[in-house]
Structure formats: structure tokens, C-alpha cells
file run_0.json (JSON, C-alpha atoms)
[["chain", "number", "residue", "atom", "x", "y", "z"],
["A", 6, "MET", "CA", -39.18, -122.54, -148.18],
["A", 7, "ALA", "CA", -40.97, -121.91, -144.93],
["A", 8, "THR", "CA", -41.30, -118.32, -143.84],
["A", 9, "PRO", "CA", -40.99, -117.13, -140.27],
["A", 10, "LEU", "CA", -44.10, -116.23, -138.35],
["A", 11, "LEU", "CA", -43.99, -112.47, -137.91],
["A", 12, "ARG", "CA", -46.69, -110.25, -136.50],
["A", 13, "HIS", "CA", -46.31, -106.48, -136.30],
["A", 14, "ASN", "CA", -49.10, -104.58, -134.57],
["A", 15, "THR", "CA", -47.03, -101.81, -133.03],
["A", 16, "PRO", "CA", -46.01, -98.48, -134.66],
["A", 17, "PRO", "CA", -42.96, -98.60, -136.95],
["A", 18, "ALA", "CA", -39.60, -98.10, -135.33],
["A", 19, "GLN", "CA", -37.32, -95.33, -136.49],
["A", 20, "PRO", "CA", -34.15, -96.40, -138.33],
["A", 21, "TRP", "CA", -31.06, -96.23, -136.16],
["A", 22, "GLN", "CA", -27.96, -94.24, -136.98],
["A", 23, "HIS", "CA", -24.90, -96.26, -137.86],
["A", 24, "GLN", "CA", -22.17, -96.33, -135.23],
["A", 25, "ASP", "CA", -18.84, -98.07, -135.57],
["A", 26, "ILE", "CA", -18.78, -99.88, -132.23],
["A", 27, "LYS", "CA", -17.31, -103.30, -131.57],
["A", 28, "PRO", "CA", -19.56, -105.91, -129.92],
["A", 29, "CYS", "CA", -17.20, -106.52, -127.04],
["A", 30, "GLY", "CA", -14.31, -104.65, -125.55],
["A", 31, "PHE", "CA", -12.12, -107.73, -125.09],
["A", 32, "HIS", "CA", -9.68, -108.36, -127.91],
["A", 33, "VAL", "CA", -9.96, -112.13, -127.62],
["A", 34, "ILE", "CA", -13.61, -111.93, -128.65],
["A", 35, "THR", "CA", -13.43, -109.48, -131.50],
["A", 36, "HIS", "CA", -10.00, -110.25, -132.95],
["A", 37, "ASN", "CA", -11.34, -112.29, -135.88],
["A", 38, "GLU", "CA", -14.78, -110.78, -136.24],
["A", 39, "ALA", "CA", -13.88, -107.11, -136.13],
["A", 40, "SER", "CA", -11.25, -107.44, -138.85],
["A", 41, "SER", "CA", -13.69, -108.84, -141.39],
["A", 42, "LYS", "CA", -16.70, -107.25, -143.01],
["A", 43, "PRO", "CA", -20.14, -108.75, -142.40],
["A", 44, "LYS", "CA", -21.56, -110.86, -145.17],
["A", 45, "ASP", "CA", -24.01, -109.19, -147.49],
["A", 46, "SER", "CA", -27.60, -110.01, -146.62],
["A", 47, "LYS", "CA", -29.57, -111.83, -149.28],
["A", 48, "LYS", "CA", -33.27, -111.30, -149.12],
["A", 49, "PRO", "CA", -35.18, -114.60, -148.88],
["A", 50, "SER", "CA", -37.67, -115.46, -151.59],
["A", 51, "SER", "CA", -40.59, -114.80, -149.26],
["A", 52, "PRO", "CA", -40.49, -111.45, -147.44],
["A", 53, "THR", "CA", -39.97, -111.64, -143.70],
["A", 54, "TRP", "CA", -39.64, -107.90, -143.13],
["A", 55, "SER", "CA", -42.44, -105.38, -143.44],
["A", 56, "ARG", "CA", -41.92, -102.55, -140.95],
["A", 57, "SER", "CA", -38.97, -100.79, -142.56],
["A", 58, "GLY", "CA", -36.38, -101.27, -145.25],
["A", 59, "THR", "CA", -33.51, -101.27, -142.77],
["A", 60, "SER", "CA", -31.39, -104.41, -142.92],
["A", 61, "PRO", "CA", -29.54, -105.82, -139.91],
["A", 62, "HIS", "CA", -26.21, -104.71, -141.34],
["A", 63, "HIS", "CA", -27.30, -101.06, -141.26],
["A", 64, "SER", "CA", -28.93, -101.21, -137.84],
["A", 65, "THR", "CA", -25.99, -101.04, -135.52],
["A", 66, "GLY", "CA", -25.88, -99.27, -132.20],
["A", 67, "PRO", "CA", -24.17, -99.12, -128.84],
["A", 68, "THR", "CA", -23.67, -102.34, -126.91],
["A", 69, "SER", "CA", -24.94, -101.00, -123.60],
["A", 70, "PRO", "CA", -28.17, -99.17, -122.70],
["A", 71, "TRP", "CA", -26.07, -96.83, -120.57],
["A", 72, "ASP", "CA", -24.29, -95.47, -123.68],
["A", 73, "ASP", "CA", -27.31, -93.35, -124.57],
["A", 74, "ARG", "CA", -29.54, -92.46, -121.64],
["A", 75, "TRP", "CA", -32.05, -90.63, -123.85],
["A", 76, "GLU", "CA", -33.17, -93.86, -125.49],
["A", 77, "LEU", "CA", -35.06, -96.68, -123.83],
["A", 78, "SER", "CA", -34.37, -100.34, -124.40],
["A", 79, "THR", "CA", -37.06, -102.79, -125.52],
["A", 80, "LEU", "CA", -37.48, -106.16, -123.84],
["A", 81, "VAL", "CA", -37.72, -109.08, -126.26],
["A", 82, "PHE", "CA", -38.62, -112.45, -124.76],
["A", 83, "LEU", "CA", -36.65, -115.24, -126.41],
["A", 84, "SER", "CA", -37.22, -118.99, -126.42],
["A", 85, "LEU", "CA", -35.00, -121.55, -128.13],
["A", 86, "LYS", "CA", -35.26, -125.29, -128.64],
["A", 87, "VAL", "CA", -31.93, -127.12, -128.80],
["A", 88, "ASP", "CA", -31.32, -130.74, -129.79],
["A", 89, "GLN", "CA", -29.68, -132.30, -126.74],
["A", 90, "LYS", "CA", -27.62, -134.70, -128.84],
["A", 91, "THR", "CA", -26.22, -132.31, -131.45],
["A", 92, "GLN", "CA", -26.52, -129.07, -129.42],
["A", 93, "ARG", "CA", -27.99, -127.43, -132.54],
["A", 94, "ILE", "CA", -30.91, -125.02, -132.52],
["A", 95, "THR", "CA", -34.05, -126.57, -133.99],
["A", 96, "GLU", "CA", -36.55, -123.80, -133.26],
["A", 97, "VAL", "CA", -36.42, -120.15, -132.26],
["A", 98, "ALA", "CA", -39.19, -117.80, -131.19],
["A", 99, "ALA", "CA", -39.39, -114.29, -129.76],
["A", 100, "THR", "CA", -42.05, -111.81, -128.75],
["A", 101, "ASN", "CA", -42.31, -108.14, -127.88],
["A", 102, "GLY", "CA", -45.92, -107.33, -127.12],
["A", 103, "GLU", "CA", -47.86, -108.56, -130.16],
["A", 104, "ASN", "CA", -44.77, -108.43, -132.38],
["A", 105, "THR", "CA", -43.80, -112.11, -132.65],
["A", 106, "PHE", "CA", -41.34, -114.30, -134.51],
["A", 107, "LYS", "CA", -41.08, -118.06, -134.92],
["A", 108, "MET", "CA", -38.96, -120.24, -137.17],
["A", 109, "LEU", "CA", -38.11, -123.92, -137.53],
["A", 110, "ILE", "CA", -34.47, -124.73, -138.27],
["A", 111, "GLN", "CA", -33.48, -127.72, -140.36],
["A", 112, "SER", "CA", -30.53, -129.98, -139.61],
["A", 113, "PRO", "CA", -29.03, -132.44, -142.13],
["A", 114, "GLU", "CA", -30.66, -135.41, -140.38],
["A", 115, "SER", "CA", -33.90, -133.59, -139.56],
["A", 116, "VAL", "CA", -37.24, -134.94, -140.71],
["A", 117, "LEU", "CA", -38.08, -131.32, -141.58],
["A", 118, "VAL", "CA", -35.86, -131.68, -144.67],
["A", 119, "LEU", "CA", -38.01, -134.55, -145.92],
["A", 120, "LEU", "CA", -41.17, -132.60, -145.20],
["A", 121, "SER", "CA", -39.78, -129.43, -146.84],
["A", 122, "GLN", "CA", -40.36, -127.53, -143.61],
["A", 123, "GLY", "CA", -38.05, -125.17, -141.81],
["A", 124, "VAL", "CA", -35.05, -123.31, -143.16],
["A", 125, "THR", "CA", -31.29, -123.65, -143.06],
["A", 126, "MET", "CA", -29.40, -122.32, -140.06],
["A", 127, "GLU", "CA", -28.00, -119.45, -142.13],
["A", 128, "VAL", "CA", -31.43, -118.30, -143.28],
["A", 129, "GLY", "CA", -32.82, -118.75, -139.78],
["A", 130, "MET", "CA", -30.14, -116.55, -138.22],
["A", 131, "GLN", "CA", -30.58, -113.91, -140.94],
["A", 132, "ASN", "CA", -34.34, -113.80, -140.39],
["A", 133, "LEU", "CA", -33.86, -113.52, -136.63],
["A", 134, "LEU", "CA", -31.65, -110.47, -137.24],
["A", 135, "TRP", "CA", -34.26, -108.95, -139.52],
["A", 136, "TYR", "CA", -36.86, -109.36, -136.80],
["A", 137, "LEU", "CA", -34.63, -107.83, -134.12],
["A", 138, "SER", "CA", -33.76, -104.92, -136.40],
["A", 139, "SER", "CA", -37.44, -103.89, -136.27],
["A", 140, "ILE", "CA", -37.17, -103.29, -132.53],
["A", 141, "PRO", "CA", -35.40, -100.26, -131.03],
["A", 142, "ARG", "CA", -32.52, -101.20, -128.72],
["A", 143, "PRO", "CA", -33.59, -104.82, -128.07],
["A", 144, "VAL", "CA", -32.58, -106.52, -124.82],
["A", 145, "LEU", "CA", -33.15, -110.28, -124.88],
["A", 146, "VAL", "CA", -34.92, -111.85, -121.92],
["A", 147, "THR", "CA", -34.36, -115.58, -121.38],
["A", 148, "TYR", "CA", -35.56, -117.67, -118.50],
["A", 149, "ASN", "CA", -32.08, -118.99, -117.68],
["A", 150, "PHE", "CA", -29.11, -117.16, -119.17],
["A", 151, "TRP", "CA", -26.80, -119.95, -117.98],
["A", 152, "ALA", "CA", -28.62, -122.79, -119.73],
["A", 153, "LEU", "CA", -27.34, -124.28, -122.99],
["A", 154, "GLU", "CA", -29.64, -122.35, -125.35],
["A", 155, "LEU", "CA", -27.75, -119.04, -125.60],
["A", 156, "PRO", "CA", -24.32, -120.66, -126.13],
["A", 157, "ALA", "CA", -25.95, -122.71, -128.91],
["A", 158, "LEU", "CA", -27.29, -119.48, -130.41],
["A", 159, "PHE", "CA", -23.87, -117.82, -130.22],
["A", 160, "LYS", "CA", -22.28, -120.81, -131.96],
["A", 161, "ALA", "CA", -24.92, -120.72, -134.69],
["A", 162, "LEU", "CA", -24.37, -117.01, -135.24],
["A", 163, "ASP", "CA", -20.62, -117.56, -135.34],
["A", 164, "ALA", "CA", -20.90, -120.44, -137.81],
["A", 165, "THR", "CA", -23.13, -118.40, -140.15],
["A", 166, "GLY", "CA", -21.01, -115.24, -139.93],
["A", 167, "ARG", "CA", -23.74, -113.22, -138.21],
["A", 168, "LYS", "CA", -22.36, -112.81, -134.69],
["A", 169, "VAL", "CA", -20.86, -109.35, -135.20],
["A", 170, "ASP", "CA", -24.16, -108.06, -136.63],
["A", 171, "PHE", "CA", -26.05, -109.62, -133.74],
["A", 172, "CYS", "CA", -23.73, -108.10, -131.13],
["A", 173, "HIS", "CA", -24.05, -104.65, -132.68],
["A", 174, "MET", "CA", -27.83, -104.92, -132.74],
["A", 175, "VAL", "CA", -28.70, -106.54, -129.39],
["A", 176, "HIS", "CA", -27.94, -104.39, -126.36],
["A", 177, "GLY", "CA", -27.71, -107.13, -123.76],
["A", 178, "TYR", "CA", -29.53, -109.87, -121.87],
["A", 179, "MET", "CA", -31.75, -110.19, -118.82],
["A", 180, "ASP", "CA", -31.66, -113.41, -116.78],
["A", 181, "MET", "CA", -35.24, -113.85, -115.63],
["A", 182, "LEU", "CA", -34.48, -116.65, -113.18],
["A", 183, "SER", "CA", -31.97, -114.63, -111.16],
["A", 184, "LEU", "CA", -34.37, -111.67, -110.98],
["A", 185, "ILE", "CA", -37.18, -113.91, -109.72],
["A", 186, "LYS", "CA", -34.91, -115.41, -107.06],
["A", 187, "GLU", "CA", -33.94, -111.92, -105.93],
["A", 188, "LYS", "CA", -37.53, -110.67, -105.85],
["A", 189, "ARG", "CA", -39.01, -113.82, -104.27],
["A", 190, "PRO", "CA", -36.34, -115.46, -102.11],
["A", 191, "GLY", "CA", -37.28, -118.76, -100.54],
["A", 192, "ALA", "CA", -39.96, -119.60, -103.10],
["A", 193, "PRO", "CA", -40.99, -123.29, -103.00],
["A", 194, "SER", "CA", -39.97, -123.76, -106.65],
["A", 195, "TYR", "CA", -38.23, -121.81, -109.37],
["A", 196, "LYS", "CA", -39.19, -124.15, -112.20],
["A", 197, "LEU", "CA", -40.87, -122.25, -114.98],
["A", 198, "LYS", "CA", -43.85, -124.61, -115.19],
["A", 199, "ASN", "CA", -44.51, -124.23, -111.45],
["A", 200, "LEU", "CA", -44.21, -120.43, -111.56],
["A", 201, "LEU", "CA", -46.65, -120.24, -114.46],
["A", 202, "GLN", "CA", -49.12, -122.40, -112.60],
["A", 203, "GLU", "CA", -48.76, -120.42, -109.37],
["A", 204, "HIS", "CA", -48.90, -116.89, -110.75],
["A", 205, "LEU", "CA", -50.86, -117.22, -113.99],
["A", 206, "GLY", "CA", -52.76, -120.48, -113.61],
["A", 207, "GLN", "CA", -51.28, -121.65, -116.90],
["A", 208, "GLN", "CA", -49.72, -124.88, -118.09],
["A", 209, "LEU", "CA", -46.32, -124.63, -119.78],
["A", 210, "ASN", "CA", -46.51, -125.65, -123.43],
["A", 211, "SER", "CA", -42.92, -126.84, -123.76],
["A", 212, "CYS", "CA", -43.59, -128.12, -127.30],
["A", 213, "SER", "CA", -43.95, -124.59, -128.64],
["A", 214, "THR", "CA", -41.15, -122.04, -128.38],
["A", 215, "LEU", "CA", -43.55, -119.22, -129.26],
["A", 216, "ALA", "CA", -45.95, -120.25, -126.49],
["A", 217, "THR", "CA", -43.00, -120.34, -124.08],
["A", 218, "ALA", "CA", -41.81, -116.87, -125.16],
["A", 219, "LYS", "CA", -45.33, -115.47, -124.65],
["A", 220, "ALA", "CA", -45.54, -117.17, -121.25],
["A", 221, "LEU", "CA", -42.24, -115.58, -120.21],
["A", 222, "GLN", "CA", -43.60, -112.18, -121.19],
["A", 223, "GLU", "CA", -46.82, -112.64, -119.21],
["A", 224, "LEU", "CA", -44.96, -113.93, -116.16],
["A", 225, "TRP", "CA", -42.51, -111.02, -116.31],
["A", 226, "TRP", "CA", -45.29, -108.44, -116.02],
["A", 227, "ALA", "CA", -47.28, -110.50, -113.52],
["A", 228, "LEU", "CA", -44.27, -110.53, -111.18],
["A", 229, "GLU", "CA", -43.74, -106.80, -111.79],
["A", 230, "LEU", "CA", -40.15, -107.25, -112.91],
["A", 231, "PRO", "CA", -38.40, -104.09, -114.24],
["A", 232, "ALA", "CA", -39.65, -102.65, -117.51],
["A", 233, "GLN", "CA", -36.14, -101.32, -118.20],
["A", 234, "PRO", "CA", -32.73, -102.88, -117.45],
["A", 235, "GLU", "CA", -31.34, -101.60, -114.19],
["A", 236, "VAL", "CA", -27.67, -101.00, -113.41],
["A", 237, "GLY", "CA", -26.02, -104.28, -112.52],
["A", 238, "THR", "CA", -28.83, -106.54, -113.74],
["A", 239, "MET", "CA", -28.05, -106.71, -117.45],
["A", 240, "LEU", "CA", -25.65, -109.29, -118.84],
["A", 241, "THR", "CA", -23.47, -108.61, -121.87],
["A", 242, "HIS", "CA", -22.15, -110.30, -124.98],
["A", 243, "CYS", "CA", -18.81, -110.56, -123.21],
["A", 244, "ASN", "CA", -20.43, -112.55, -120.39],
["A", 245, "LEU", "CA", -22.02, -114.91, -122.91],
["A", 246, "GLN", "CA", -18.83, -115.26, -124.95],
["A", 247, "SER", "CA", -16.88, -116.05, -121.79],
["A", 248, "TYR", "CA", -19.38, -118.69, -120.72],
["A", 249, "THR", "CA", -19.51, -120.23, -124.20],
["A", 250, "MET", "CA", -15.72, -120.58, -124.24],
["A", 251, "LEU", "CA", -15.63, -122.08, -120.75],
["A", 252, "LEU", "CA", -18.38, -124.67, -121.29],
["A", 253, "PRO", "CA", -16.05, -127.26, -122.91],
["A", 254, "LEU", "CA", -14.01, -127.22, -119.70],
["A", 255, "VAL", "CA", -17.21, -127.80, -117.72],
["A", 256, "HIS", "CA", -18.18, -130.71, -119.96],
["A", 257, "GLU", "CA", -14.74, -132.25, -119.48],
["A", 258, "LYS", "CA", -15.14, -131.78, -115.69],
["A", 259, "LEU", "CA", -12.09, -129.55, -115.54],
["A", 260, "LEU", "CA", -14.22, -126.69, -114.23],
["A", 261, "THR", "CA", -17.45, -126.57, -112.24],
["A", 262, "ARG", "CA", -20.47, -124.84, -113.74],
["A", 263, "LYS", "CA", -20.57, -122.50, -110.76],
["A", 264, "ALA", "CA", -16.94, -121.49, -111.34],
["A", 265, "ALA", "CA", -17.65, -120.97, -115.05],
["A", 266, "LYS", "CA", -20.52, -118.61, -114.19],
["A", 267, "THR", "CA", -18.31, -116.66, -111.80],
["A", 268, "LEU", "CA", -15.54, -116.30, -114.38],
["A", 269, "ALA", "CA", -18.01, -115.36, -117.11],
["A", 270, "ARG", "CA", -19.60, -112.65, -114.96],
["A", 271, "ARG", "CA", -16.14, -111.13, -114.59],
["A", 272, "ASN", "CA", -15.56, -111.33, -118.35],
["A", 273, "LEU", "CA", -12.49, -113.45, -117.72],
["A", 274, "ILE", "CA", -11.37, -114.54, -121.16],
["A", 275, "LEU", "CA", -7.71, -115.39, -121.54],
["A", 276, "TRP", "CA", -5.87, -116.36, -124.69],
["A", 277, "ARG", "CA", -4.76, -119.52, -122.87],
["A", 278, "VAL", "CA", -8.37, -120.65, -122.47],
["A", 279, "LYS", "CA", -8.49, -121.52, -126.14],
["A", 280, "GLU", "CA", -5.22, -123.41, -125.83],
["A", 281, "VAL", "CA", -6.50, -125.40, -122.84],
["A", 282, "VAL", "CA", -9.75, -126.21, -124.63],
["A", 283, "LYS", "CA", -7.90, -127.44, -127.72],
["A", 284, "ALA", "CA", -5.54, -129.51, -125.59],
["A", 285, "THR", "CA", -8.28, -131.19, -123.56],
["A", 286, "VAL", "CA", -11.17, -131.56, -126.01],
["A", 287, "PRO", "CA", -10.72, -133.83, -129.05]]
call {"tool": "encode", "arguments": {"input": "run_0.json", "output": "C-alpha cells"}}
result
Amino acid sequence: MATPLLRHNTPPAQPWQHQDIKPCGFHVITHNEASSKPKDSKKPSSPTWSRSGTSPHHSTGPTSPWDDRWELSTLVFLSLKVDQKTQRITEVAATNGENTFKMLIQSPESVLVLLSQGVTMEVGMQNLLWYLSSIPRPVLVTYNFWALELPALFKALDATGRKVDFCHMVHGYMDMLSLIKEKRPGAPSYKLKNLLQEHLGQQLNSCSTLATAKALQELWWALELPAQPEVGTMLTHCNLQSYTMLLPLVHEKLLTRKAAKTLARRNLILWRVKEVVKATVP
């Protein structure tokens, strides 16, 4: 079995105290998850964790950086590769300084199975949680929060029974694209490859999720974006859950993507959304 690429060159993080906090305040999101206990973690045959013995299931914390103003959040730059046909994650990478993570994910029809490379989705999601549990109060930075990658991640976490653990552990999200547009209005291009070329003189290596995650990190500091989430800039699990639930309506052209973003920003999740989705999507 392939092991994730993990590098840890920063001082060990202190274990967090357990807090019984739900990942989202809206009942429609946590109704099923909160009533069930997380699955027990099974340690993979090859160790993927070296900085502390704390498992993801014992590393819970508040869901907002404003819950504890004496602790600082840590930015983790995340890059995902999603199969456009199946909408399944095939590769995930993250970086915080020199502390990096990369893993290939198998699918039933993937050539990785024949080559004995990559891991199952369940193992991949578990190892991602182990990596994040090494980082105090992680906030995930993605280039475009509203792209298809994060909804695919949420679905994978849900399918493997890890979403509640993930929501307890991760303290929110930063949408890099919106921050760049705010800081540099009227820029000739907001494509990542053009921004990297303009500000760093680098070519985007779209074939490598780890290279992309590192490029996001370098670009973030080059543009002097905030080192800590500011009030009103951080997105939540509720925003992502809302958007994930509304995407089927967008795909069926019953809702525009712009309207879905607006509703998701307002955490508008109604019980009837599920009914509409089931009625309109085979």
C-alpha cells in the first residue's frame, strides 16, 4: 500500500483539548452525523503520523477562530484533483510551510489499482485527517472555494464516515480568488497560471497537486494576503454544505451558479432542498 508523502520540519504541535461541539449549527446538516459516533480509526500498515500520538477523533475543537481569541489559526494550502467524469477525488495534497502531504486515491476503474499505487478513498480520507490533526487550528486555503473540488471532498468525507471528524478539526476556509480580486481589482487576469507567471515568474505545474499547493502558498505571501483569517473573510462548513446541496440544482439548470453562491453564503439550507433534489435528479 502506498503511503502518503509527509514532511514535518516544524516543532511539534500541542494536543488539543476535547470539546463537544457540532460541526455546523444548522440541524439539517448535523441531524444524521451528530447522532452517530465516529468510526474507530484503524492505523494503516505503514505509519503516516510521526509528530504526536493524537488521532483525528481526539483532536476536536471549535468550528470558528473567533471562539478562542487566544489561539491563532494555521493556514494550510490545499490542492485536489477531481476526475471530471466521475467527480471523484484522485489526488490530494496540502502544505503548511515545509509540512507537506500528498496522496493518490484509487478508484475501481483506476489504472492505479493495476499498478498497486494509491490507496482507497477511506484510507485517503483517514490519512488526510491524521495530517490535519498535526496542525493547530487549521484553516484550509483553496484557490477557488466555489469550484468542484471542495464539494467532491465533502462527499468523499461523507461517504467514508469522516465528515464529522473533519468538521470538528478544520476551523474554516479561505477563498484565495476572492481575496485577490478584492486586493487587486481590475487585474488583467485572475487565472492561477497567469498570476504565478506575473508575480513569481513560475509556470503552473497542473499535473502535480503538491506543486500546486506549494505555488498557492508562495503566491499568498507574495501578494501579502492576511496571515490570519479576518472577520468576514472566512467561509464555514455550513457554507460548503449549503453549496454542495445546491449544486445538483445548478447542474439541472434549475438554479444559476451565482444564485447558489449567494444562498450558500447565507447558509440557506432548507429541508425542502433535499426533497427538490430528489424529485428533479434521477
call {"tool": "closest_residue", "arguments": {"input": "run_0.json", "among": "A:Asn101, A:Gln202, A:Leu273, A:Leu134", "to": "Val169 (chain A)", "atoms": "only C-alpha atoms"}}
result
A:Leu134
call {"tool": "residues_around", "arguments": {"input": "run_0.json", "residues": "Thr79 (chain A)", "least_positions_apart": "2", "cutoff": "6 Å", "atoms": "all atoms listed in the file", "output": "number ranges by chain"}}
result
A: 142-144
call {"tool": "closest_residue", "arguments": {"input": "run_0.json", "among": "A:Leu137, A:Met250, A:Leu209, A:Leu201", "to": "Trp226 (chain A)", "atoms": "all atoms listed in the file"}}
result
A:Leu201
call {"tool": "closest_residue", "arguments": {"input": "run_0.json", "among": "A:Leu221, A:Leu182, A:Thr91, A:Pro231", "to": "Lys196 (chain A)", "atoms": "all atoms listed in the file"}}
result
A:Leu182
call {"tool": "residues_around", "arguments": {"input": "run_0.json", "residues": "Leu109 (chain A)", "least_positions_apart": "2", "cutoff": "7 Å", "atoms": "all atoms listed in the file", "output": "list in words"}}
result
Thr95, Glu96, Val97, Gln111, Gly123 and Val124 of chain A
